[in-house]
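Source file: data-v2.pdb; contents: PDB, C-alpha atoms.
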ATOM      1  CA  MET A   1      30.457  82.719  53.530  1.00  0.00           C
ATOM      2  CA  ARG A   2      32.240  86.029  54.014  1.00  0.00           C
ATOM      3  CA  LEU A   3      35.389  84.661  52.311  1.00  0.00           C
ATOM      4  CA  ALA A   4      33.689  83.095  49.288  1.00  0.00           C
ATOM      5  CA  ASN A   5      35.816  83.289  46.118  1.00  0.00           C
ATOM      6  CA  LYS A   6      38.892  84.311  48.108  1.00  0.00           C
ATOM      7  CA  VAL A   7      42.212  82.479  48.212  1.00  0.00           C
ATOM      8  CA  ALA A   8      44.191  82.469  51.441  1.00  0.00           C
ATOM      9  CA  VAL A   9      47.733  81.343  52.224  1.00  0.00           C
ATOM     10  CA  ILE A  10      48.342  80.471  55.873  1.00  0.00           C
ATOM     11  CA  THR A  11      51.842  79.738  57.134  1.00  0.00           C
ATOM     12  CA  GLY A  12      51.967  77.589  60.239  1.00  0.00           C
ATOM     13  CA  GLY A  13      48.527  76.372  59.215  1.00  0.00           C
ATOM     14  CA  ALA A  14      49.048  72.770  60.223  1.00  0.00           C
ATOM     15  CA  ARG A  15      47.999  73.281  63.839  1.00  0.00           C
ATOM     16  CA  GLY A  16      47.584  75.853  66.605  1.00  0.00           C
ATOM     17  CA  ILE A  17      46.486  79.358  65.658  1.00  0.00           C
ATOM     18  CA  GLY A  18      47.169  78.756  61.976  1.00  0.00           C
ATOM     19  CA  GLY A  19      45.272  75.481  61.936  1.00  0.00           C
ATOM     20  CA  ALA A  20      42.234  77.046  63.597  1.00  0.00           C
ATOM     21  CA  ALA A  21      42.341  79.895  61.082  1.00  0.00           C
ATOM     22  CA  ALA A  22      42.640  77.491  58.152  1.00  0.00           C
ATOM     23  CA  ARG A  23      39.541  75.580  59.213  1.00  0.00           C
ATOM     24  CA  GLN A  24      37.596  78.808  59.810  1.00  0.00           C
ATOM     25  CA  PHE A  25      38.626  80.367  56.500  1.00  0.00           C
ATOM     26  CA  ALA A  26      37.505  77.233  54.660  1.00  0.00           C
ATOM     27  CA  ARG A  27      34.166  77.222  56.514  1.00  0.00           C
ATOM     28  CA  ASP A  28      33.741  80.825  55.403  1.00  0.00           C
ATOM     29  CA  GLY A  29      34.258  79.860  51.763  1.00  0.00           C
ATOM     30  CA  ALA A  30      37.946  80.501  51.089  1.00  0.00           C
ATOM     31  CA  CYS A  31      40.280  78.211  49.189  1.00  0.00           C
ATOM     32  CA  VAL A  32      43.111  77.674  51.675  1.00  0.00           C
ATOM     33  CA  VAL A  33      46.762  76.913  51.014  1.00  0.00           C
ATOM     34  CA  ILE A  34      48.540  75.715  54.156  1.00  0.00           C
ATOM     35  CA  GLY A  35      52.302  76.175  54.288  1.00  0.00           C
ATOM     36  CA  ASP A  36      54.154  74.380  57.076  1.00  0.00           C
ATOM     37  CA  VAL A  37      57.116  72.113  57.851  1.00  0.00           C
ATOM     38  CA  LEU A  38      54.765  69.754  59.717  1.00  0.00           C
ATOM     39  CA  GLN A  39      53.624  67.627  56.808  1.00  0.00           C
ATOM     40  CA  ALA A  40      51.589  64.997  58.654  1.00  0.00           C
ATOM     41  CA  GLU A  41      49.683  67.588  60.689  1.00  0.00           C
ATOM     42  CA  GLY A  42      49.237  69.798  57.628  1.00  0.00           C
ATOM     43  CA  GLU A  43      47.789  67.005  55.538  1.00  0.00           C
ATOM     44  CA  GLU A  44      45.517  66.046  58.440  1.00  0.00           C
ATOM     45  CA  THR A  45      44.150  69.606  58.605  1.00  0.00           C
ATOM     46  CA  VAL A  46      43.589  69.576  54.838  1.00  0.00           C
ATOM     47  CA  GLY A  47      41.702  66.293  55.254  1.00  0.00           C
ATOM     48  CA  ILE A  48      39.463  67.785  57.940  1.00  0.00           C
ATOM     49  CA  ILE A  49      38.693  70.779  55.718  1.00  0.00           C
ATOM     50  CA  ARG A  50      37.892  68.647  52.687  1.00  0.00           C
ATOM     51  CA  ALA A  51      35.747  66.252  54.725  1.00  0.00           C
ATOM     52  CA  ALA A  52      33.644  69.260  55.760  1.00  0.00           C
ATOM     53  CA  GLY A  53      33.202  70.291  52.129  1.00  0.00           C
ATOM     54  CA  GLY A  54      35.926  72.933  51.986  1.00  0.00           C
ATOM     55  CA  GLU A  55      38.877  73.372  49.651  1.00  0.00           C
ATOM     56  CA  ALA A  56      42.473  73.230  50.873  1.00  0.00           C
ATOM     57  CA  THR A  57      45.980  72.332  49.755  1.00  0.00           C
ATOM     58  CA  PHE A  58      49.097  71.580  51.765  1.00  0.00           C
ATOM     59  CA  VAL A  59      52.589  72.703  50.746  1.00  0.00           C
ATOM     60  CA  ARG A  60      55.659  71.759  52.763  1.00  0.00           C
ATOM     61  CA  VAL A  61      57.452  75.062  53.306  1.00  0.00           C
ATOM     62  CA  ASP A  62      60.498  76.231  55.230  1.00  0.00           C
ATOM     63  CA  ILE A  63      59.809  79.950  55.518  1.00  0.00           C
ATOM     64  CA  THR A  64      63.468  80.738  56.181  1.00  0.00           C
ATOM     65  CA  ARG A  65      64.114  79.798  52.531  1.00  0.00           C
ATOM     66  CA  GLU A  66      63.067  82.544  50.142  1.00  0.00           C
ATOM     67  CA  GLU A  67      62.528  80.112  47.292  1.00  0.00           C
ATOM     68  CA  ASP A  68      60.040  78.183  49.456  1.00  0.00           C
ATOM     69  CA  CYS A  69      58.080  81.356  50.222  1.00  0.00           C
ATOM     70  CA  ALA A  70      57.958  82.260  46.540  1.00  0.00           C
ATOM     71  CA  SER A  71      56.842  78.716  45.681  1.00  0.00           C
ATOM     72  CA  LEU A  72      54.073  78.856  48.290  1.00  0.00           C
ATOM     73  CA  VAL A  73      52.564  81.951  46.686  1.00  0.00           C
ATOM     74  CA  ARG A  74      53.048  80.476  43.228  1.00  0.00           C
ATOM     75  CA  THR A  75      51.178  77.322  44.250  1.00  0.00           C
ATOM     76  CA  ALA A  76      48.187  79.369  45.419  1.00  0.00           C
ATOM     77  CA  VAL A  77      48.062  81.327  42.158  1.00  0.00           C
ATOM     78  CA  ASP A  78      48.630  78.302  39.913  1.00  0.00           C
ATOM     79  CA  ARG A  79      45.978  76.231  41.663  1.00  0.00           C
ATOM     80  CA  TYR A  80      43.332  78.827  42.478  1.00  0.00           C
ATOM     81  CA  GLY A  81      44.109  81.763  40.188  1.00  0.00           C
ATOM     82  CA  ARG A  82      44.891  84.490  42.712  1.00  0.00           C
ATOM     83  CA  LEU A  83      45.939  85.382  46.262  1.00  0.00           C
ATOM     84  CA  ASP A  84      43.658  87.493  48.433  1.00  0.00           C
ATOM     85  CA  VAL A  85      44.877  86.846  51.983  1.00  0.00           C
ATOM     86  CA  LEU A  86      48.179  86.032  53.659  1.00  0.00           C
ATOM     87  CA  LEU A  87      48.137  84.996  57.322  1.00  0.00           C
ATOM     88  CA  THR A  88      51.592  84.453  58.826  1.00  0.00           C
ATOM     89  CA  ALA A  89      51.166  82.187  61.838  1.00  0.00           C
ATOM     90  CA  ALA A  90      54.370  80.133  61.607  1.00  0.00           C
ATOM     91  CA  GLY A  91      56.608  80.636  64.623  1.00  0.00           C
ATOM     92  CA  ILE A  92      58.750  79.029  67.310  1.00  0.00           C
ATOM     93  CA  LEU A  93      59.706  79.820  70.895  1.00  0.00           C
ATOM     94  CA  ARG A  94      63.217  78.880  72.023  1.00  0.00           C
ATOM     95  CA  GLY A  95      65.530  79.993  74.820  1.00  0.00           C
ATOM     96  CA  ALA A  96      62.784  80.558  77.371  1.00  0.00           C
ATOM     97  CA  TYR A  97      63.728  81.377  80.969  1.00  0.00           C
ATOM     98  CA  LEU A  98      67.337  82.208  80.082  1.00  0.00           C
ATOM     99  CA  THR A  99      68.837  85.612  80.771  1.00  0.00           C
ATOM    100  CA  VAL A 100      70.376  87.456  77.855  1.00  0.00           C
ATOM    101  CA  ASP A 101      73.910  86.487  78.912  1.00  0.00           C
ATOM    102  CA  GLU A 102      72.911  82.801  78.980  1.00  0.00           C
ATOM    103  CA  LEU A 103      71.268  82.743  75.547  1.00  0.00           C
ATOM    104  CA  ASP A 104      73.266  81.217  72.689  1.00  0.00           C
ATOM    105  CA  ARG A 105      73.583  83.281  69.521  1.00  0.00           C
ATOM    106  CA  ASP A 106      72.466  80.287  67.425  1.00  0.00           C
ATOM    107  CA  VAL A 107      69.168  80.052  69.331  1.00  0.00           C
ATOM    108  CA  PHE A 108      68.542  83.783  68.959  1.00  0.00           C
ATOM    109  CA  ASP A 109      69.268  83.617  65.221  1.00  0.00           C
ATOM    110  CA  GLN A 110      66.983  80.612  64.728  1.00  0.00           C
ATOM    111  CA  VAL A 111      64.014  82.335  66.356  1.00  0.00           C
ATOM    112  CA  ILE A 112      64.590  85.567  64.441  1.00  0.00           C
ATOM    113  CA  ASP A 113      64.995  83.676  61.157  1.00  0.00           C
ATOM    114  CA  ILE A 114      61.677  81.856  61.491  1.00  0.00           C
ATOM    115  CA  ASN A 115      59.497  84.384  63.294  1.00  0.00           C
ATOM    116  CA  LEU A 116      60.694  87.643  61.756  1.00  0.00           C
ATOM    117  CA  THR A 117      62.674  86.950  58.589  1.00  0.00           C
ATOM    118  CA  GLY A 118      60.220  84.239  57.544  1.00  0.00           C
ATOM    119  CA  THR A 119      57.340  86.668  57.975  1.00  0.00           C
ATOM    120  CA  PHE A 120      59.185  89.270  55.899  1.00  0.00           C
ATOM    121  CA  LEU A 121      59.851  86.786  53.084  1.00  0.00           C
ATOM    122  CA  CYS A 122      56.227  85.655  52.943  1.00  0.00           C
ATOM    123  CA  CYS A 123      55.011  89.259  52.927  1.00  0.00           C
ATOM    124  CA  LYS A 124      57.497  90.114  50.180  1.00  0.00           C
ATOM    125  CA  HIS A 125      56.278  87.459  47.771  1.00  0.00           C
ATOM    126  CA  ALA A 126      52.603  87.811  48.640  1.00  0.00           C
ATOM    127  CA  THR A 127      52.884  91.545  48.023  1.00  0.00           C
ATOM    128  CA  LYS A 128      54.212  90.994  44.484  1.00  0.00           C
ATOM    129  CA  GLN A 129      51.053  89.078  43.606  1.00  0.00           C
ATOM    130  CA  MET A 130      48.684  91.382  45.496  1.00  0.00           C
ATOM    131  CA  ARG A 131      50.136  94.474  43.834  1.00  0.00           C
ATOM    132  CA  ALA A 132      49.468  92.925  40.434  1.00  0.00           C
ATOM    133  CA  GLN A 133      45.861  92.313  41.520  1.00  0.00           C
ATOM    134  CA  ARG A 134      45.586  95.777  43.101  1.00  0.00           C
ATOM    135  CA  GLY A 135      44.371  94.408  46.402  1.00  0.00           C
ATOM    136  CA  GLY A 136      44.727  91.965  49.277  1.00  0.00           C
ATOM    137  CA  VAL A 137      44.991  91.534  53.032  1.00  0.00           C
ATOM    138  CA  ILE A 138      48.100  90.627  55.037  1.00  0.00           C
ATOM    139  CA  LEU A 139      47.644  89.469  58.637  1.00  0.00           C
ATOM    140  CA  CYS A 140      50.817  88.923  60.649  1.00  0.00           C
ATOM    141  CA  ILE A 141      50.698  87.207  64.032  1.00  0.00           C
ATOM    142  CA  ALA A 142      52.801  89.197  66.474  1.00  0.00           C
ATOM    143  CA  SER A 143      52.266  88.982  70.243  1.00  0.00           C
ATOM    144  CA  GLY A 144      51.870  91.057  73.357  1.00  0.00           C
ATOM    145  CA  ALA A 145      55.448  89.874  73.985  1.00  0.00           C
ATOM    146  CA  GLY A 146      57.797  92.518  72.657  1.00  0.00           C
ATOM    147  CA  VAL A 147      54.900  94.899  72.032  1.00  0.00           C
ATOM    148  CA  ARG A 148      53.094  95.539  75.310  1.00  0.00           C
ATOM    149  CA  GLY A 149      55.517  93.783  77.606  1.00  0.00           C
ATOM    150  CA  GLY A 150      58.236  91.214  78.007  1.00  0.00           C
ATOM    151  CA  SER A 151      58.524  87.509  77.332  1.00  0.00           C
ATOM    152  CA  SER A 152      59.977  84.386  78.880  1.00  0.00           C
ATOM    153  CA  SER A 153      62.347  84.366  75.894  1.00  0.00           C
ATOM    154  CA  VAL A 154      64.653  87.207  74.847  1.00  0.00           C
ATOM    155  CA  ALA A 155      64.628  85.826  71.311  1.00  0.00           C
ATOM    156  CA  TYR A 156      60.857  85.379  71.067  1.00  0.00           C
ATOM    157  CA  GLY A 157      60.046  88.820  72.453  1.00  0.00           C
ATOM    158  CA  SER A 158      62.554  90.405  70.079  1.00  0.00           C
ATOM    159  CA  SER A 159      61.172  88.536  67.077  1.00  0.00           C
ATOM    160  CA  LYS A 160      57.535  89.374  67.798  1.00  0.00           C
ATOM    161  CA  GLY A 161      58.371  93.006  68.465  1.00  0.00           C
ATOM    162  CA  GLY A 162      60.030  92.926  65.065  1.00  0.00           C
ATOM    163  CA  VAL A 163      56.964  91.429  63.400  1.00  0.00           C
ATOM    164  CA  HIS A 164      54.823  94.160  64.904  1.00  0.00           C
ATOM    165  CA  GLY A 165      57.268  96.800  63.682  1.00  0.00           C
ATOM    166  CA  LEU A 166      57.220  95.241  60.225  1.00  0.00           C
ATOM    167  CA  THR A 167      53.438  95.594  60.016  1.00  0.00           C
ATOM    168  CA  LEU A 168      53.631  99.228  61.110  1.00  0.00           C
ATOM    169  CA  VAL A 169      55.974  99.905  58.195  1.00  0.00           C
ATOM    170  CA  LEU A 170      54.071  97.839  55.625  1.00  0.00           C
ATOM    171  CA  ALA A 171      50.589  99.174  56.395  1.00  0.00           C
ATOM    172  CA  PRO A 172      51.082 102.716  55.041  1.00  0.00           C
ATOM    173  CA  GLN A 173      53.550 101.547  52.394  1.00  0.00           C
ATOM    174  CA  LEU A 174      51.115  99.086  50.804  1.00  0.00           C
ATOM    175  CA  GLU A 175      47.802 100.857  51.346  1.00  0.00           C
ATOM    176  CA  LYS A 176      48.170 102.760  48.086  1.00  0.00           C
ATOM    177  CA  PHE A 177      48.173  99.419  46.272  1.00  0.00           C
ATOM    178  CA  GLY A 178      44.919  98.378  47.908  1.00  0.00           C
ATOM    179  CA  ILE A 179      46.668  96.037  50.351  1.00  0.00           C
ATOM    180  CA  ARG A 180      45.537  96.171  53.977  1.00  0.00           C
ATOM    181  CA  VAL A 181      48.047  95.057  56.629  1.00  0.00           C
ATOM    182  CA  HIS A 182      47.389  94.227  60.281  1.00  0.00           C
ATOM    183  CA  GLY A 183      49.612  93.083  63.089  1.00  0.00           C
ATOM    184  CA  ILE A 184      47.648  90.828  65.429  1.00  0.00           C
ATOM    185  CA  CYS A 185      48.658  90.375  69.057  1.00  0.00           C
ATOM    186  CA  PRO A 186      46.730  87.456  70.565  1.00  0.00           C
ATOM    187  CA  GLY A 187      46.563  86.687  74.246  1.00  0.00           C
ATOM    188  CA  SER A 188      47.683  83.375  75.736  1.00  0.00           C
ATOM    189  CA  LEU A 189      46.142  80.540  73.729  1.00  0.00           C
ATOM    190  CA  ALA A 190      46.181  76.773  74.177  1.00  0.00           C
ATOM    191  CA  THR A 191      48.538  76.059  71.297  1.00  0.00           C
ATOM    192  CA  PRO A 192      51.315  73.443  71.336  1.00  0.00           C
ATOM    193  CA  LEU A 193      53.874  76.271  71.532  1.00  0.00           C
ATOM    194  CA  LYS A 194      52.253  77.942  74.547  1.00  0.00           C
ATOM    195  CA  ILE A 195      51.498  74.689  76.370  1.00  0.00           C
ATOM    196  CA  GLU A 196      55.131  73.628  76.047  1.00  0.00           C
ATOM    197  CA  ASN A 197      56.220  77.033  77.323  1.00  0.00           C
ATOM    198  CA  VAL A 198      53.944  76.823  80.385  1.00  0.00           C
ATOM    199  CA  ILE A 199      55.194  73.337  81.196  1.00  0.00           C
ATOM    200  CA  GLU A 200      58.816  74.440  80.852  1.00  0.00           C
ATOM    201  CA  GLY A 201      58.184  77.431  83.120  1.00  0.00           C
ATOM    202  CA  ALA A 202      56.661  75.189  85.759  1.00  0.00           C
ATOM    203  CA  ARG A 203      59.674  72.887  85.699  1.00  0.00           C
ATOM    204  CA  VAL A 204      62.106  75.802  85.975  1.00  0.00           C
ATOM    205  CA  ALA A 205      60.143  77.078  88.988  1.00  0.00           C
ATOM    206  CA  GLY A 206      60.061  73.625  90.595  1.00  0.00           C
ATOM    207  CA  ARG A 207      56.274  73.375  90.357  1.00  0.00           C
ATOM    208  CA  ASP A 208      53.994  70.610  89.148  1.00  0.00           C
ATOM    209  CA  PRO A 209      53.548  71.157  85.368  1.00  0.00           C
ATOM    210  CA  GLU A 210      50.081  69.570  85.270  1.00  0.00           C
ATOM    211  CA  GLN A 211      48.847  71.755  88.117  1.00  0.00           C
ATOM    212  CA  VAL A 212      50.256  74.916  86.545  1.00  0.00           C
ATOM    213  CA  LEU A 213      48.785  74.025  83.161  1.00  0.00           C
ATOM    214  CA  ALA A 214      45.369  73.394  84.717  1.00  0.00           C
ATOM    215  CA  THR A 215      45.290  76.938  86.134  1.00  0.00           C
ATOM    216  CA  ALA A 216      46.956  78.723  83.195  1.00  0.00           C
ATOM    217  CA  ASP A 217      43.652  80.056  81.746  1.00  0.00           C
ATOM    218  CA  LEU A 218      44.689  79.589  78.117  1.00  0.00           C
ATOM    219  CA  GLY A 219      42.214  80.605  75.439  1.00  0.00           C
ATOM    220  CA  ASP A 220      40.856  78.366  72.689  1.00  0.00           C
ATOM    221  CA  PRO A 221      42.382  79.174  69.261  1.00  0.00           C
ATOM    222  CA  ASP A 222      39.066  78.258  67.628  1.00  0.00           C
ATOM    223  CA  LEU A 223      37.457  81.240  69.368  1.00  0.00           C
ATOM    224  CA  LEU A 224      40.030  83.587  67.842  1.00  0.00           C
ATOM    225  CA  ALA A 225      39.755  82.192  64.302  1.00  0.00           C
ATOM    226  CA  PRO A 226      36.557  84.172  63.468  1.00  0.00           C
ATOM    227  CA  VAL A 227      38.466  87.380  64.260  1.00  0.00           C
ATOM    228  CA  PHE A 228      41.013  86.478  61.576  1.00  0.00           C
ATOM    229  CA  ALA A 229      38.234  85.630  59.132  1.00  0.00           C
ATOM    230  CA  PHE A 230      36.551  88.983  59.743  1.00  0.00           C
ATOM    231  CA  LEU A 231      39.815  90.879  59.251  1.00  0.00           C
ATOM    232  CA  ALA A 232      40.468  88.957  56.044  1.00  0.00           C
ATOM    233  CA  SER A 233      37.027  89.817  54.688  1.00  0.00           C
ATOM    234  CA  ASP A 234      35.725  92.868  52.857  1.00  0.00           C
ATOM    235  CA  GLU A 235      33.656  93.656  55.955  1.00  0.00           C
ATOM    236  CA  ALA A 236      36.865  94.871  57.640  1.00  0.00           C
ATOM    237  CA  ALA A 237      37.779  97.278  54.837  1.00  0.00           C
ATOM    238  CA  TYR A 238      37.653 100.278  57.206  1.00  0.00           C
ATOM    239  CA  ILE A 239      39.715  98.674  59.999  1.00  0.00           C
ATOM    240  CA  ARG A 240      43.298  99.866  60.455  1.00  0.00           C
ATOM    241  CA  GLY A 241      46.173  99.231  62.826  1.00  0.00           C
ATOM    242  CA  THR A 242      47.204  96.600  65.344  1.00  0.00           C
ATOM    243  CA  ILE A 243      44.561  94.225  66.708  1.00  0.00           C
ATOM    244  CA  PHE A 244      44.882  93.061  70.331  1.00  0.00           C
ATOM    245  CA  THR A 245      42.800  90.168  71.607  1.00  0.00           C
ATOM    246  CA  ARG A 246      42.340  88.666  75.065  1.00  0.00           C
TER     247      ARG A 246
END
What is this structure when it is put down as structure tokens?
Amino acid sequence: MRLANKVAVITGGARGIGGAAARQFARDGACVVIGDVLQAEGEETVGIIRAAGGEATFVRVDITREEDCASLVRTAVDRYGRLDVLLTAAGILRGAYLTVDELDRDVFDQVIDINLTGTFLCCKHATKQMRAQRGGVILCIASGAGVRGGSSSVAYGSSKGGVHGLTLVLAPQLEKFGIRVHGICPGSLATPLKIENVIEGARVAGRDPEQVLATADLGDPDLLAPVFAFLASDEAAYIRGTIFTR
């Protein structure tokens, strides 16, 4: 129960990486507030957590709207009294397998708005609460895309590189307030976003999507969730910097 008595907000917590983290955080004792646009999936994840004896709440949130991000933090504080952890896992991938001259500006803007600006807005409002408490942990999901290498999507790689850059700025800025910030760059995981991307890539290449997916060697998000729980805990108080996983 390394997260006992802690309150965590997880964006994109309805499914995928965020959903796995939400279930793990609850198993480790945290009260979890899931923020997502996917209401049915979010409420299902809350139901799974509660059925296992954990505590969770779902809030429908569009993280491109600042008032929604502020309301998400407010809900956590009003319901559970504080905010100890923010995990930003909400994200989309659009415009894959298009060259930069083929990519529409609207698609680029949409990906940046959700992946990067949405992360900024959540960090902004979580930080206000954490500063008042003199402590907290912010975990932002970036990617190897835009950090260690390229991406199938110009927009996605740009947005995740931006998220990583944001964490590099926030970490030293917020440390004096007792807030620890990490950018996390996972490997390829079997999430709905990645599976869709693999299938699309196979179709573009004229290959059998099922065959390509079967050999894609995607990791299980549930195996990564304990890493997030450790980083969110007091046991990781001496850890700094970007975390890369397989």
Exercise for the section: Report the distance between CA of Phe58 (chain A) and CA of Glu196 (chain A) in Å, rounded to one decimal place. Expected result: 25.1 Å
Fill in the blank from the handout: Using all atoms listed in the file, the shortest atom-to-atom distance to Phe120 (chain A) among A:Asp28, A:Glu235, A:Glu210, A:Glu66 belongs to A:Glu66
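The nearest approach to Ala155 (chain A) among the residues A:Ala202, A:Ala190, A:Leu116, A:Ala26, with only C-alpha atoms taken into account, belongs to A:Leu116.
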Can you check which parts of region 43-86 of chain A lie within 9 Å of region 127-136 of chain A? Per residue, the shortest pair of atoms and distance in Å to one decimal, counting only C-alpha atoms, sorted by chain and number, as a Markdown table.
| residue | atom | partner | partner_atom | distance |
| --- | --- | --- | --- | --- |
| A:Val73 | CA | A:Gln129 | CA | 7.9 |
| A:Arg74 | CA | A:Gln129 | CA | 8.8 |
| A:Val77 | CA | A:Gln129 | CA | 8.4 |
| A:Arg82 | CA | A:Gln129 | CA | 7.7 |
| A:Leu83 | CA | A:Met130 | CA | 6.6 |
| A:Asp84 | CA | A:Gly136 | CA | 4.7 |
| A:Val85 | CA | A:Gly136 | CA | 5.8 |
| A:Leu86 | CA | A:Gly136 | CA | 8.1 |
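Considering the residues A:Ile63, A:Leu93, A:Ala76, A:Cys185 and counting all atoms listed in the file, Thr117 (chain A) has its shortest atom-to-atom contact with A:Ile63.
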Exercise for the section: Could you state which residues are captured by the PyMOL selection byres ((chain A and resi 138) around 7) in this file, as a PyMOL selection string? Expected result: chain A and resi 85-87+136-137+139-140+180-182
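What separates CA of Thr245 (chain A) from CA of Pro192 (chain A) is a distance of 18.8 Å.
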Problem - Distance query Val59 (chain A) at most 10 Å, only C-alpha atoms, self and fewer than 3 positions along chain excluded, as a ChimeraX atom specification - result: /A:11,33-39,42-43,62,68,71-72,75-76
Problem - Who sits within 7 Å of Ser143 (chain A), all atoms listed in the file, same chain under 4 positions skipped, as an NGL selection string - result: :A and (147 or 160 or 184-186)
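Using all atoms listed in the file, the shortest contact distance between Asp109 (chain A) and any of A:Gly206, A:Tyr156, A:Pro226, A:Ala142 is found at A:Tyr156.
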Practice task
Run the PyMOL selection byres ((chain A and resi 21) around 12) against the file shown and list the residues it catches, as a ChimeraX atom specification.
Solution key: /A:8-20,22-28,30,32-34,45,49,85-89,139,141,220-232
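Ranking A:Ala126, A:Ala51, A:Val154, A:Ala56 by their shortest atom-to-atom distance to Ala70 (chain A), with only C-alpha atoms included, puts A:Ala126 first.
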Evaluated on this file, the PyMOL selection byres ((chain A and resi 3) around 6) picks out some residues - which ones are they, written as a short mmCIF file (atom, residue, chain, number, x, y, z; two decimals) with C-alpha atoms, in the coordinates of the input?
data_model
loop_
_atom_site.label_atom_id
_atom_site.label_comp_id
_atom_site.auth_asym_id
_atom_site.auth_seq_id
_atom_site.Cartn_x
_atom_site.Cartn_y
_atom_site.Cartn_z
CA MET A 1 30.46 82.72 53.53
CA ARG A 2 32.24 86.03 54.01
CA ALA A 4 33.69 83.10 49.29
CA LYS A 6 38.89 84.31 48.11
CA ASP A 28 33.74 80.82 55.40
CA GLY A 29 34.26 79.86 51.76
CA ALA A 30 37.95 80.50 51.09
CA SER A 233 37.03 89.82 54.69
#
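The spacing separating CA of Glu102 (chain A) from CA of Ala205 (chain A) amounts to 17.2 Å.
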Handout entry: Among listed residues A:Gly81, A:Glu44, A:Gly118, A:Phe177, nearest Val61 (chain A) (using only C-alpha atoms)
Key = A:Gly118
Practice task
Write out as a PyMOL selection string each polymer residue whose atoms come within 12 Å of Val169 (chain A), counting all atoms listed in the file; drop sequence neighbours fewer than 3 positions from it.
Solution key: chain A and resi 120+123+162-166+172-175+180-183+241-242
Exercise for the section: May I have the protein, DNA and RNA residues with an atom at most 10 Å from (58.5, 84.3, 74.0), counting all atoms listed in the file in the file's coordinates, returned as an MDAnalysis selection string? Expected result: chainID A and resid 92:97 111 143:146 150:160 193:194 197
